[in-house]
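Note sheet for the following structure.
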Amino acid sequence: MSPKVERLSKEFALLTPQEKAEFLKQVTPSAHGEWIEIDGDIRFLPYDDEPWTEDDETAWAEGVKDIKKGCCKSWEQVKQELEL
């Protein structure tokens, strides 16, 4: 690794998650999505290029109803059950 890349890597590691997302937006602009920070994780969120449909709306409403009834598991619980 070149000294410049090594120095930049060390400095990047010191940034907050929000600062990392902002940095990545500047150095990797994309017409396909954007870098965001979610709960301390940096993720690339692709833009949805399909219009919202009635089926989407129905599925969304069912999901919200299931969450309110407590019929869903958290991602952490699913990972634990699958030993991920």
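Every chain in the structure tokens has a letter given in the order shown (A, B, ...), and although residue numbers restart at 1 in each chain, ligands are simply numbered from 1 in the order shown.
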Residues flagged alpha helix (DSSP H) by DSSP in chain A, as an NGL selection string: :A and (3-13 or 17-27 or 54-69 or 75-81)
Would you put the residues from that selection into a file with N, CA and C atoms, as a compact mmCIF listing (two decimals), in the first residue's frame?
```txt
# COMPACT_ATOMS: atom_id res chain seq x y z
N PRO A 3 2.18 5.03 0.72
CA PRO A 3 2.09 5.84 1.94
C PRO A 3 0.87 6.76 1.98
N LYS A 4 0.49 7.31 0.82
CA LYS A 4 -0.68 8.19 0.78
C LYS A 4 -1.96 7.40 1.08
N VAL A 5 -2.08 6.24 0.50
CA VAL A 5 -3.27 5.41 0.73
C VAL A 5 -3.31 4.94 2.17
N GLU A 6 -2.17 4.58 2.70
CA GLU A 6 -2.09 4.14 4.10
C GLU A 6 -2.50 5.26 5.04
N ARG A 7 -2.00 6.46 4.79
CA ARG A 7 -2.35 7.61 5.63
C ARG A 7 -3.85 7.91 5.54
N LEU A 8 -4.39 7.88 4.33
CA LEU A 8 -5.81 8.14 4.14
C LEU A 8 -6.66 7.08 4.84
N SER A 9 -6.24 5.82 4.77
CA SER A 9 -6.95 4.74 5.44
C SER A 9 -7.00 4.94 6.95
N LYS A 10 -5.87 5.37 7.52
CA LYS A 10 -5.83 5.62 8.96
C LYS A 10 -6.74 6.78 9.34
N GLU A 11 -6.71 7.84 8.55
CA GLU A 11 -7.55 8.99 8.83
C GLU A 11 -9.04 8.65 8.66
N PHE A 12 -9.36 7.85 7.64
CA PHE A 12 -10.74 7.43 7.41
C PHE A 12 -11.27 6.65 8.61
N ALA A 13 -10.43 5.80 9.19
CA ALA A 13 -10.84 5.00 10.34
C ALA A 13 -11.21 5.86 11.54
N PRO A 17 -19.23 7.53 11.76
CA PRO A 17 -19.98 6.90 10.66
C PRO A 17 -20.62 7.92 9.71
N GLN A 18 -21.18 8.99 10.26
CA GLN A 18 -21.79 10.02 9.40
C GLN A 18 -20.74 10.69 8.52
N GLU A 19 -19.57 10.97 9.08
CA GLU A 19 -18.49 11.58 8.30
C GLU A 19 -18.01 10.62 7.21
N LYS A 20 -17.95 9.34 7.51
CA LYS A 20 -17.55 8.35 6.50
C LYS A 20 -18.54 8.33 5.35
N ALA A 21 -19.84 8.36 5.66
CA ALA A 21 -20.86 8.37 4.61
C ALA A 21 -20.71 9.62 3.75
N GLU A 22 -20.50 10.77 4.38
CA GLU A 22 -20.32 12.01 3.63
C GLU A 22 -19.08 11.95 2.75
N PHE A 23 -18.00 11.40 3.27
CA PHE A 23 -16.76 11.25 2.49
C PHE A 23 -17.00 10.36 1.27
N LEU A 24 -17.65 9.22 1.49
CA LEU A 24 -17.89 8.29 0.39
C LEU A 24 -18.79 8.91 -0.68
N LYS A 25 -19.74 9.75 -0.27
CA LYS A 25 -20.58 10.45 -1.24
C LYS A 25 -19.73 11.34 -2.14
N GLN A 26 -18.69 11.95 -1.55
CA GLN A 26 -17.84 12.87 -2.31
C GLN A 26 -16.91 12.14 -3.28
N VAL A 27 -16.38 11.00 -2.86
CA VAL A 27 -15.36 10.33 -3.69
C VAL A 27 -15.94 9.26 -4.60
N GLU A 54 -49.82 -1.03 -6.40
CA GLU A 54 -50.85 -1.42 -5.42
C GLU A 54 -50.41 -2.67 -4.67
N ASP A 55 -49.74 -3.60 -5.35
CA ASP A 55 -49.22 -4.80 -4.67
C ASP A 55 -48.20 -4.42 -3.60
N ASP A 56 -47.34 -3.45 -3.92
CA ASP A 56 -46.37 -2.96 -2.93
C ASP A 56 -47.10 -2.38 -1.72
N GLU A 57 -48.13 -1.59 -1.98
CA GLU A 57 -48.89 -0.96 -0.91
C GLU A 57 -49.56 -2.01 -0.03
N THR A 58 -50.13 -3.05 -0.65
CA THR A 58 -50.77 -4.14 0.10
C THR A 58 -49.75 -4.89 0.94
N ALA A 59 -48.59 -5.20 0.36
CA ALA A 59 -47.54 -5.91 1.10
C ALA A 59 -47.04 -5.05 2.26
N TRP A 60 -46.90 -3.76 2.03
CA TRP A 60 -46.44 -2.85 3.09
C TRP A 60 -47.45 -2.84 4.24
N ALA A 61 -48.73 -2.73 3.92
CA ALA A 61 -49.77 -2.69 4.94
C ALA A 61 -49.80 -4.00 5.74
N GLU A 62 -49.63 -5.13 5.07
CA GLU A 62 -49.58 -6.43 5.76
C GLU A 62 -48.38 -6.49 6.70
N GLY A 63 -47.25 -5.99 6.24
CA GLY A 63 -46.05 -5.99 7.08
C GLY A 63 -46.23 -5.14 8.32
N VAL A 64 -46.81 -3.97 8.15
CA VAL A 64 -47.05 -3.08 9.29
C VAL A 64 -48.00 -3.75 10.28
N LYS A 65 -49.03 -4.41 9.76
CA LYS A 65 -49.99 -5.10 10.61
C LYS A 65 -49.30 -6.23 11.39
N ASP A 66 -48.45 -7.00 10.72
CA ASP A 66 -47.72 -8.09 11.38
C ASP A 66 -46.80 -7.55 12.47
N ILE A 67 -46.14 -6.44 12.21
CA ILE A 67 -45.25 -5.85 13.21
C ILE A 67 -46.05 -5.43 14.43
N LYS A 68 -47.20 -4.79 14.21
CA LYS A 68 -48.03 -4.35 15.33
C LYS A 68 -48.56 -5.52 16.15
N LYS A 69 -48.81 -6.66 15.48
CA LYS A 69 -49.28 -7.85 16.19
C LYS A 69 -48.14 -8.62 16.86
N TRP A 75 -33.94 -8.66 13.20
CA TRP A 75 -32.83 -9.19 12.41
C TRP A 75 -31.80 -9.87 13.31
N GLU A 76 -31.58 -9.30 14.49
CA GLU A 76 -30.65 -9.90 15.44
C GLU A 76 -31.12 -11.29 15.84
N GLN A 77 -32.42 -11.46 16.09
CA GLN A 77 -32.96 -12.77 16.48
C GLN A 77 -32.82 -13.77 15.32
N VAL A 78 -33.08 -13.34 14.10
CA VAL A 78 -32.95 -14.23 12.94
C VAL A 78 -31.50 -14.67 12.79
N LYS A 79 -30.55 -13.73 12.91
CA LYS A 79 -29.13 -14.08 12.78
C LYS A 79 -28.73 -15.08 13.86
N GLN A 80 -29.24 -14.89 15.07
CA GLN A 80 -28.89 -15.79 16.16
C GLN A 80 -29.45 -17.19 15.88
N GLU A 81 -30.68 -17.27 15.43
CA GLU A 81 -31.30 -18.56 15.13
C GLU A 81 -30.58 -19.28 13.99
```
What separates CA of Leu45 (chain A) and CA of Ala31 (chain A) is a distance of 11.2 Å
Students should find that CA of His32 (chain A) and CA of Met1 (chain A) are spaced 29.3 Å
If you run DSSP on this backbone, which residues of chain A come out as strand (DSSP E), and could you give them as JSON, numbers by chain?
-> {"A": [33, 34, 35, 36, 37, 38, 41, 42, 43, 44, 45, 46]}
Go ahead and write the selection's residues with C-alpha atoms as an mmCIF file, in the first residue's frame.
```cif
data_model
loop_
_atom_site.group_PDB
_atom_site.id
_atom_site.type_symbol
_atom_site.label_atom_id
_atom_site.label_comp_id
_atom_site.auth_asym_id
_atom_site.auth_seq_id
_atom_site.Cartn_x
_atom_site.Cartn_y
_atom_site.Cartn_z
ATOM 1 C CA GLY A 33 -27.771 5.151 -5.196
ATOM 2 C CA GLU A 34 -26.124 6.821 -2.229
ATOM 3 C CA TRP A 35 -23.982 6.078 0.802
ATOM 4 C CA ILE A 36 -25.841 6.300 4.106
ATOM 5 C CA GLU A 37 -25.175 5.602 7.768
ATOM 6 C CA ILE A 38 -27.595 3.223 9.523
ATOM 7 C CA ASP A 41 -22.913 0.996 9.684
ATOM 8 C CA ILE A 42 -22.048 2.528 6.321
ATOM 9 C CA ARG A 43 -24.166 1.129 3.490
ATOM 10 C CA PHE A 44 -24.762 1.820 -0.177
ATOM 11 C CA LEU A 45 -28.489 2.247 -0.738
ATOM 12 C CA PRO A 46 -29.425 1.778 -4.390
#
```
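Coordinates place CA of Thr28 (chain A) at a distance of 14.9 Å from CA of Tyr47 (chain A).
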